[in-house]
>>> print(open('my_file06.txt').read())   # compact mmCIF, C-alpha atoms
# COMPACT_ATOMS: atom_id res chain seq x y z
CA MET A 15 166.10 68.42 133.52
CA PRO A 16 165.98 64.85 134.84
CA LEU A 17 163.57 62.13 133.85
CA ILE A 18 160.88 61.86 136.51
CA GLU A 19 159.02 58.64 137.20
CA THR A 20 155.58 58.70 138.80
CA ALA A 21 155.60 55.47 140.77
CA SER A 22 152.12 55.49 142.28
CA LYS A 23 149.16 54.42 140.19
CA ILE A 24 147.01 57.18 138.74
CA SER A 25 144.04 55.21 137.42
CA PRO A 26 141.24 53.45 139.35
CA TYR A 27 141.28 49.68 139.82
CA TRP A 28 138.27 49.27 137.49
CA LEU A 29 140.35 50.65 134.59
CA PRO A 30 143.11 48.05 134.84
CA ASN A 31 145.00 48.59 131.58
CA GLY A 32 146.08 51.18 129.05
CA HIS A 33 143.28 50.39 126.61
CA LEU A 34 140.50 51.01 129.12
CA GLN A 35 142.31 54.04 130.54
CA SER A 36 142.40 55.54 127.04
CA ILE A 37 138.91 54.60 125.88
CA TYR A 38 136.80 55.30 128.97
CA PRO A 39 137.43 59.09 129.16
CA ALA A 40 136.99 59.45 125.40
CA LEU A 41 133.58 57.76 125.44
CA PHE A 42 132.07 58.57 128.80
CA ARG A 43 133.54 61.82 130.14
CA SER A 44 131.26 64.84 129.81
CA ILE A 45 132.58 68.39 130.26
CA LYS A 46 130.23 71.31 130.84
CA GLY A 47 130.83 74.99 131.36
CA VAL A 48 133.19 75.75 128.45
CA PHE A 49 131.95 78.36 126.00
CA TYR A 50 133.91 79.15 122.86
CA HIS A 51 134.10 82.25 120.71
CA ARG A 52 135.22 81.21 117.22
CA GLU A 53 137.63 83.22 115.13
CA ARG A 54 138.50 82.21 111.57
CA ILE A 55 141.87 83.22 110.17
CA VAL A 56 143.06 82.96 106.57
CA THR A 57 146.23 81.04 105.73
CA PRO A 58 148.82 82.21 103.15
CA ASP A 59 147.51 79.58 100.70
CA GLU A 60 143.97 81.01 101.01
CA ASP A 61 142.72 78.24 103.27
CA PHE A 62 141.42 78.85 106.79
CA LEU A 63 141.90 77.79 110.40
CA ASP A 64 139.16 77.91 113.05
CA LEU A 65 140.32 79.16 116.44
CA ASP A 66 138.12 78.61 119.50
CA TRP A 67 138.69 81.07 122.35
CA SER A 68 137.56 80.54 125.93
CA TYR A 69 138.25 83.28 128.44
CA ALA A 70 139.23 83.23 132.11
CA LYS A 71 136.48 83.63 134.70
CA SER A 72 138.12 86.88 135.79
CA PRO A 73 138.17 89.22 132.76
CA GLY A 74 141.34 90.83 131.50
CA SER A 75 143.75 87.90 131.72
CA ARG A 76 147.23 88.55 130.38
CA LYS A 77 148.05 84.83 130.23
CA LEU A 78 147.11 82.60 127.27
CA VAL A 79 147.39 78.84 126.72
CA ILE A 80 147.33 77.61 123.11
CA LEU A 81 146.05 74.01 122.91
CA SER A 82 146.72 71.63 120.00
CA HIS A 83 144.56 68.49 119.72
CA GLY A 84 145.40 64.99 118.49
CA LEU A 85 144.81 63.02 115.30
CA GLU A 86 141.23 63.50 114.08
CA GLY A 87 140.44 65.50 117.21
CA ASN A 88 139.16 69.04 117.59
CA SER A 89 138.51 71.70 120.22
CA THR A 90 135.55 69.75 121.66
CA ARG A 91 137.46 66.60 122.65
CA GLN A 92 137.11 65.82 126.35
CA TYR A 93 140.87 66.18 126.99
CA ILE A 94 140.75 69.70 125.52
CA LEU A 95 137.56 70.79 127.26
CA GLY A 96 138.66 69.49 130.66
CA MET A 97 141.93 71.36 130.39
CA VAL A 98 140.28 74.58 129.18
CA ARG A 99 137.73 74.51 131.98
CA LEU A 100 140.33 74.22 134.75
CA LEU A 101 142.72 76.75 133.23
CA ASN A 102 139.90 79.27 132.75
CA GLN A 103 139.00 78.86 136.42
CA HIS A 104 142.56 79.77 137.38
CA GLY A 105 143.03 82.90 135.31
CA PHE A 106 144.23 81.62 131.94
CA ASP A 107 142.58 82.48 128.65
CA CYS A 108 142.63 79.50 126.29
CA LEU A 109 142.87 79.18 122.53
CA ALA A 110 142.00 75.70 121.24
CA TRP A 111 142.64 75.68 117.51
CA ASN A 112 141.29 73.18 115.02
CA PHE A 113 143.59 71.65 112.42
CA ARG A 114 142.57 71.96 108.77
CA GLY A 115 139.35 70.05 108.15
CA CYS A 116 138.80 69.33 111.85
CA GLY A 117 136.64 72.27 112.93
CA GLY A 118 133.35 71.01 111.50
CA GLU A 119 133.84 72.30 107.95
CA MET A 120 136.11 70.89 105.25
CA ASN A 121 139.06 73.12 104.45
CA LYS A 122 139.41 74.69 101.01
CA THR A 123 142.67 73.28 99.69
CA ALA A 124 143.68 69.78 98.58
CA ARG A 125 146.03 69.44 101.55
CA PHE A 126 144.94 68.39 105.05
CA TYR A 127 146.81 68.76 108.31
CA HIS A 128 149.69 66.50 109.32
CA SER A 129 152.05 65.78 112.22
CA GLY A 130 154.67 68.27 111.11
CA ALA A 131 152.59 71.20 109.81
CA THR A 132 154.23 73.76 112.09
CA GLU A 133 153.46 76.55 109.63
CA ASP A 134 149.83 76.38 110.75
CA LEU A 135 150.77 76.37 114.44
CA ASP A 136 153.02 79.35 113.81
CA LEU A 137 150.14 81.22 112.13
CA VAL A 138 147.99 80.61 115.22
CA ILE A 139 150.79 81.77 117.51
CA GLN A 140 151.41 84.90 115.46
CA ASN A 141 147.71 85.71 115.69
CA ALA A 142 147.86 85.34 119.47
CA LEU A 143 151.00 87.46 119.71
CA GLY A 144 148.99 90.26 118.14
CA LYS A 145 146.72 90.28 121.18
CA ASP A 146 147.51 91.93 124.51
CA TYR A 147 149.07 88.95 126.30
CA GLU A 148 152.18 89.05 128.46
CA GLN A 149 152.61 85.28 128.69
CA ILE A 150 151.83 82.54 126.18
CA HIS A 151 152.06 78.84 126.98
CA LEU A 152 151.84 75.93 124.55
CA LEU A 153 150.01 72.69 125.34
CA GLY A 154 149.63 69.71 123.03
CA PHE A 155 148.10 66.24 123.01
CA SER A 156 149.34 63.30 120.94
CA LEU A 157 149.81 64.56 117.34
CA GLY A 158 149.40 68.11 118.68
CA GLY A 159 152.18 67.38 121.17
CA ASN A 160 154.51 66.22 118.39
CA LEU A 161 153.65 69.36 116.44
CA THR A 162 154.39 71.53 119.48
CA LEU A 163 157.79 69.95 120.15
CA LYS A 164 158.78 70.17 116.48
CA TYR A 165 157.80 73.86 116.44
CA LEU A 166 159.86 74.59 119.54
CA GLY A 167 162.88 72.78 118.12
CA GLU A 168 162.63 74.57 114.79
CA SER A 169 162.33 77.93 116.55
CA GLY A 170 165.15 77.29 119.02
CA VAL A 171 166.58 80.45 120.60
CA HIS A 172 164.61 82.57 118.14
CA LEU A 173 161.29 81.73 119.77
CA ASN A 174 159.29 84.80 120.75
CA PRO A 175 160.14 85.61 124.41
CA LYS A 176 156.44 85.89 125.29
CA ILE A 177 156.22 82.10 124.92
CA LYS A 178 157.26 80.98 128.39
CA ASN A 179 156.95 77.18 128.48
CA ALA A 180 155.28 74.14 126.95
CA LEU A 181 153.62 70.95 128.13
CA VAL A 182 152.70 67.95 126.00
CA PHE A 183 150.92 64.66 126.70
CA SER A 184 151.03 61.20 125.10
CA VAL A 185 153.40 62.30 122.35
CA PRO A 186 154.32 60.08 119.37
CA MET A 187 157.85 61.44 119.08
CA ASP A 188 158.80 58.61 116.69
CA LEU A 189 155.98 58.61 114.14
CA ARG A 190 157.12 55.49 112.32
CA ALA A 191 157.32 53.43 115.50
CA CYS A 192 153.83 54.55 116.50
CA SER A 193 152.38 53.92 113.04
CA LEU A 194 153.74 50.37 113.11
CA SER A 195 152.55 49.88 116.70
CA ILE A 196 148.97 50.78 115.87
CA ILE A 197 148.94 48.06 113.19
CA GLN A 198 149.18 45.40 115.92
CA PRO A 199 145.92 43.43 116.41
CA GLU A 200 145.46 44.62 119.99
CA ASN A 201 145.41 48.23 118.71
CA SER A 202 143.03 47.73 115.79
CA VAL A 203 140.21 49.59 117.55
CA TYR A 204 142.24 52.83 117.42
CA MET A 205 143.39 52.37 113.84
CA HIS A 206 139.90 51.69 112.54
CA ARG A 207 138.51 54.65 114.47
CA PHE A 208 141.03 56.97 112.82
CA LEU A 209 140.53 55.48 109.35
CA ASN A 210 136.74 55.67 109.67
CA THR A 211 136.96 59.47 109.81
CA LEU A 212 139.99 59.98 107.56
CA LYS A 213 138.62 58.01 104.60
CA PRO A 214 135.40 60.06 104.21
CA LYS A 215 137.52 63.20 104.19
CA VAL A 216 139.59 61.79 101.35
CA ASN A 217 136.39 60.97 99.45
CA ALA A 218 135.13 64.53 99.87
CA LYS A 219 138.49 65.95 98.79
CA ALA A 220 138.75 63.69 95.76
CA ALA A 221 135.40 64.97 94.48
CA ILE A 222 136.77 68.53 94.53
CA PHE A 223 140.42 67.86 93.63
CA PRO A 224 140.40 64.79 91.35
CA ASP A 225 143.80 65.75 89.89
CA SER A 226 145.40 65.71 93.35
CA ILE A 227 143.67 62.68 94.89
CA ASN A 228 142.98 59.38 93.13
CA ILE A 229 140.09 57.89 95.08
CA SER A 230 140.70 54.44 93.60
CA ASP A 231 143.87 54.29 95.72
CA GLN A 232 141.67 53.84 98.79
CA LYS A 233 141.37 50.14 98.07
CA HIS A 234 145.02 49.83 99.08
CA VAL A 235 144.50 51.49 102.49
CA ARG A 236 144.21 48.92 105.26
CA THR A 237 146.38 50.57 107.91
CA LEU A 238 147.32 54.05 109.08
CA TYR A 239 150.74 53.49 107.52
CA ASP A 240 149.03 52.84 104.18
CA PHE A 241 146.99 56.01 104.54
CA ASP A 242 150.08 58.08 105.26
CA HIS A 243 152.01 56.47 102.40
CA ILE A 244 149.24 56.84 99.80
CA PHE A 245 147.60 60.10 100.85
CA THR A 246 149.27 62.09 103.65
CA ALA A 247 152.81 61.98 102.28
CA PRO A 248 152.24 62.90 98.61
CA LEU A 249 149.61 65.54 99.45
CA HIS A 250 152.11 67.35 101.64
CA GLY A 251 155.27 67.03 99.58
CA PHE A 252 156.87 63.89 101.05
CA ASP A 253 158.21 60.93 99.10
CA GLY A 254 156.30 58.36 101.13
CA ALA A 255 155.32 57.44 104.67
CA ASP A 256 158.89 56.79 105.87
CA HIS A 257 160.09 60.13 104.48
CA TYR A 258 157.14 61.89 106.12
CA TYR A 259 157.85 60.24 109.47
CA GLU A 260 161.55 61.05 109.26
CA GLN A 261 160.93 64.71 108.45
CA CYS A 262 158.20 65.25 111.06
CA SER A 263 159.04 63.15 114.13
CA SER A 264 159.73 65.53 117.00
CA LYS A 265 162.55 63.36 118.37
CA PHE A 266 164.74 64.84 115.64
CA PHE A 267 164.00 68.42 116.77
CA ILE A 268 164.07 68.37 120.57
CA ARG A 269 167.80 69.10 120.82
CA ASP A 270 167.20 72.79 120.05
CA ILE A 271 164.26 73.42 122.40
CA ALA A 272 165.21 76.48 124.44
CA ILE A 273 162.32 76.97 126.90
CA PRO A 274 161.15 74.86 129.88
CA THR A 275 159.18 71.97 128.39
CA MET A 276 157.57 68.94 130.01
CA VAL A 277 156.68 65.73 128.18
CA ILE A 278 154.23 63.42 129.98
CA ASN A 279 153.78 59.90 128.59
CA ALA A 280 152.32 56.82 130.23
CA LYS A 281 154.32 53.61 130.16
CA ASN A 282 151.14 51.70 129.29
CA ASP A 283 150.13 53.98 126.41
CA PRO A 284 148.75 51.54 123.79
CA ILE A 285 149.41 53.89 120.88
CA VAL A 286 152.84 55.30 121.79
CA PRO A 287 155.34 52.57 122.79
CA PHE A 288 157.34 53.95 125.69
CA GLU A 289 160.56 52.51 124.26
CA SER A 290 160.05 54.63 121.12
CA LEU A 291 160.74 57.81 123.10
CA PRO A 292 164.28 59.26 122.94
CA ILE A 293 164.70 58.68 126.66
CA GLU A 294 168.46 59.17 126.94
CA GLU A 295 168.38 62.42 124.96
CA LEU A 296 165.52 63.68 127.11
CA ARG A 297 167.35 62.61 130.27
CA ALA A 298 170.34 64.75 129.32
CA HIS A 299 168.34 67.76 128.06
CA ALA A 300 168.76 71.06 129.89
CA ASN A 301 165.24 72.33 129.08
CA VAL A 302 163.04 69.28 128.49
CA CYS A 303 161.79 67.00 131.25
CA LEU A 304 160.13 63.62 130.62
CA VAL A 305 157.56 62.53 133.19
CA ALA A 306 156.98 58.79 132.84
CA THR A 307 153.76 57.69 134.54
CA GLN A 308 153.12 54.04 135.31
CA ASP A 309 149.62 54.22 133.87
CA GLY A 310 147.13 56.63 132.32
CA GLY A 311 146.84 55.26 128.80
CA HIS A 312 146.76 57.57 125.80
CA CYS A 313 145.43 61.05 126.66
CA GLY A 314 143.51 59.45 129.54
CA PHE A 315 145.02 60.09 132.97
CA ARG A 316 141.77 59.65 134.87
CA PRO A 317 142.68 59.55 138.58
CA ALA A 318 141.27 57.02 141.04
CA ARG A 319 139.48 59.87 142.80
CA VAL A 320 138.11 62.64 140.60
CA LYS A 321 137.73 65.86 142.60
CA ASN A 322 135.52 68.56 141.10
CA GLY A 323 135.67 66.80 137.73
CA VAL A 324 139.43 67.40 137.37
CA TYR A 325 141.77 64.78 135.92
CA TRP A 326 145.40 64.15 136.97
CA SER A 327 146.71 65.59 133.70
CA GLU A 328 144.82 68.84 134.26
CA GLU A 329 146.12 69.24 137.80
CA ARG A 330 149.65 68.65 136.57
CA ALA A 331 149.23 71.15 133.74
CA LEU A 332 147.93 73.86 136.06
CA GLU A 333 150.86 73.28 138.42
CA PHE A 334 153.43 73.43 135.59
CA LEU A 335 151.96 76.40 133.73
CA SER A 336 151.59 78.42 136.95
CA ARG A 337 155.30 78.27 137.78
>>> encode(input="my_file06.txt", output="structure tokens")
Amino acid sequence: MPLIETASKISPYWLPNGHLQSIYPALFRSIKGVFYHRERIVTPDEDFLDLDWSYAKSPGSRKLVILSHGLEGNSTRQYILGMVRLLNQHGFDCLAWNFRGCGGEMNKTARFYHSGATEDLDLVIQNALGKDYEQIHLLGFSLGGNLTLKYLGESGVHLNPKIKNALVFSVPMDLRACSLSIIQPENSVYMHRFLNTLKPKVNAKAAIFPDSINISDQKHVRTLYDFDHIFTAPLHGFDGADHYYEQCSSKFFIRDIAIPTMVINAKNDPIVPFESLPIEELRAHANVCLVATQDGGHCGFRPARVKNGVYWSEERALEFLSR
């Protein structure tokens, strides 16, 4: 598939840059009309995952979209809810799953979630495959997009044939490049927002698992890279942040993706540097298409004219998943 460039501007004039295009929807967009039914499933290590189901307006859908959220997100983030609402209206059931510790209740084990934890995504997919669906589609945002691409690459030609295609937005395909980018002063608002929710989780974990987590190490955490090096990596079996990034960046797995897959990233994404994407490999890929938008920010994509509350990303997803 070729690389596709979206030349025309998506965002309104009063959101003139990638920062505002990312922040405005996150803070001010309100989504109504999505109602979840929660299912809790048990993991092989006796932890749990919370799955939030939202069903199509016309009962009996045989099509399911599995949605994976971003770092420190959950099934109630505006980018998830907006997507679920539109897809439900057009005949798709939706399953928005919450990563470990993200569904409103702390998970039971010392480990958290991370950018390469495809074993959890696989557990969610296997649960869905046990239902009566003819088609399953995968959709991911940011960290959830990286997770989705890594899963597809690991599965390769052995992917279950019910999984028809995948679409991901604002994907940090090179985790190290993105971790170093977010350290930059102009991106400090995002880094501090992530750390402000990650650090309390570490405190809560340390109280339960003092042998696994040394809370005094928190004094060394000033950046997301520090957090990954001191906590994420050792908790999940990696030798450090660089080893974690190398093992989990989806750019190292995309070669083996065997189903139609679309990657949509904005050139002005403040968190994911566009030059960090493996553009030439994507350009030559038979199954993966990169759509490079001029603007849209990180998981933003608010159009200049919002019709019926629908964002550009949601219209594009409906078009792609309906093929």
>>> closest_residue(input="my_file06.txt", among="A:Cys116, A:Leu296, A:Leu249, A:Leu181", to="Ser336 in chain A", atoms="only C-alpha atoms")
A:Leu181
>>> closest_residue(input="my_file06.txt", among="A:Ala318, A:Leu95, A:Ile268, A:Val79", to="Leu152 in chain A", atoms="all atoms listed in the file")
A:Val79
>>> closest_atom_pairs(input="my_file06.txt", of="range 156-218 of chain A", to="range 283-286 of chain A", cutoff="10 Å", atoms="only C-alpha atoms", output="Markdown table")
| residue | atom | partner | partner_atom | distance |
| --- | --- | --- | --- | --- |
| A:Ser156 | CA | A:Val286 | CA | 8.8 |
| A:Ser184 | CA | A:Val286 | CA | 7.0 |
| A:Val185 | CA | A:Val286 | CA | 7.0 |
| A:Pro186 | CA | A:Val286 | CA | 5.6 |
| A:Met187 | CA | A:Val286 | CA | 8.4 |
| A:Asp188 | CA | A:Val286 | CA | 8.5 |
| A:Leu189 | CA | A:Val286 | CA | 8.9 |
| A:Ala191 | CA | A:Val286 | CA | 7.9 |
| A:Cys192 | CA | A:Val286 | CA | 5.4 |
| A:Ser193 | CA | A:Ile285 | CA | 8.4 |
| A:Leu194 | CA | A:Ile285 | CA | 9.6 |
| A:Ser195 | CA | A:Ile285 | CA | 6.6 |
| A:Ile196 | CA | A:Ile285 | CA | 5.9 |
| A:Ile197 | CA | A:Ile285 | CA | 9.7 |
| A:Gln198 | CA | A:Ile285 | CA | 9.8 |
| A:Glu200 | CA | A:Pro284 | CA | 8.6 |
| A:Asn201 | CA | A:Pro284 | CA | 6.9 |
| A:Tyr204 | CA | A:Ile285 | CA | 8.0 |
| A:Met205 | CA | A:Ile285 | CA | 9.4 |
>>> atom_distance(input="my_file06.txt", atom1="CA of Glu119 in chain A", atom2="CA of Leu209 in chain A")
18.2 Å
>>> closest_residue(input="my_file06.txt", among="A:Leu173, A:Ile18, A:Ala220, A:Val235", to="Gln140 in chain A", atoms="all atoms listed in the file")
A:Leu173
>>> residues_near_point(input="my_file06.txt", point="(164.9, 73.1, 123.1)", cutoff="8 Å", atoms="all atoms listed in the file", output="ChimeraX atom specification")
/A:166-167,170-171,267-275,301-302
